[in-house]
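Just below is one structure, and these are the notes that go with it.
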Amino acid sequence: MHLRSIAAFFVITLAPAFASAAQTPPPAAILKLANAVVHAAKTNDASGLRGILTGDAVVVDENAPFVWRGSGAGAAWWSVVTAAAKKDRLTNMKAAGVRIGEYRESPTDAYLVQSMTITGLAGGNPFAESGTMTYTFHKSAGTWLISTMVWSTKS
């Protein structure tokens, strides 16, 4: 099922709204990246995902081709997510219990883990899926960019 792809999308779109829940919140520069993804999602414009990933970025998802690489990984992944949502007739998607479980930062890299439950309708039937979104970020020449994004369901 493509729910994990869609869940990953909602993790990204809701990250800025729940960042304040962390014990050590991410800095504004990292939240700015999440806000750029939110804007892209709200406008359904994948161009907003360009320029916010590193040149060697990796996005991992359950849908083929399962991994996207490079600075265009976000836009390429986004096109698959939107197609999966349409195909699976996913509607009324919401994230509940979103929290930053861990945030760590070094001078050039950062690690962020969020947990949540995604709810909505799949073909008119309710569903709920719990999981985590794990991000890494890299800082080069004073600029933070997303270096990895992975959604995992809780077993």
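Convention: chains lettered A, B, ... in structure tokens order; per-chain residue numbering from 1; ligands numbered from 1 as shown.
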| message | Neighbouring residues of A:Asp61 were defined as those with any atom within 7 Å, considering only C-alpha atoms; residues of the same chain fewer than 5 positions away were excluded. Please report them as a PyMOL selection string. | response | chain A and resi 5+66-67+150-151
| task | Extract, using only C-alpha atoms, all DNA, RNA and protein residues at most 6 Å from stretch 121-127 of chain A, discarding same-chain residues fewer than 3 positions from it, and format them as a ChimeraX atom specification. | result | /A:89-92
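Shortest separation to A:Gly131 among A:Val58, A:Val80, A:Ile118, A:Ser106 occurs at residue A:Ile118, atoms counted being only C-alpha atoms.
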| said: Between atom CA of A:Ala76 and atom CA of A:Gly55, what distance in Å does the model show, to one decimal? | reply: 13.8 Å
| field | Test item, alpha helix (DSSP H) assignment across stretch 26-154 of chain A, answer as a ChimeraX atom specification | value | /A:28-43,73-87
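Here atom CA of A:Ala95 and atom CA of A:Lys32 stand 19.9 Å from one another.
Near A:Pro26, within 7 Å and counting only C-alpha atoms, sit A:Ile30, A:Leu31, A:Tyr103; same-chain residues fewer than 3 positions away were not included.
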| message | Need the shell around A:Ser115: protein/DNA/RNA residues with any atom at most 10 Å away, counting only C-alpha atoms. Skip same-chain ones fewer than 2 positions apart. Format as a VMD selection string? | response | chain A and resid 11 95 to 102 113 117 to 118 130 to 134 151 to 154
| task | Write out as a list in words which residues come within 12 Å of A:Trp144 when counting only C-alpha atoms, dropping same-chain ones fewer than 4 positions away. | result | Pro26, Pro27, Ala28, Ala29, Ile30, Leu31, Lys32, Leu33, Ala34, Gly51, Ile52, Leu53, Thr54, Glu105, Ser106, Pro107, Thr108, Asp109, Ala110, Tyr111, Thr136, Phe137, His138, Lys139 and Ser140 of chain A
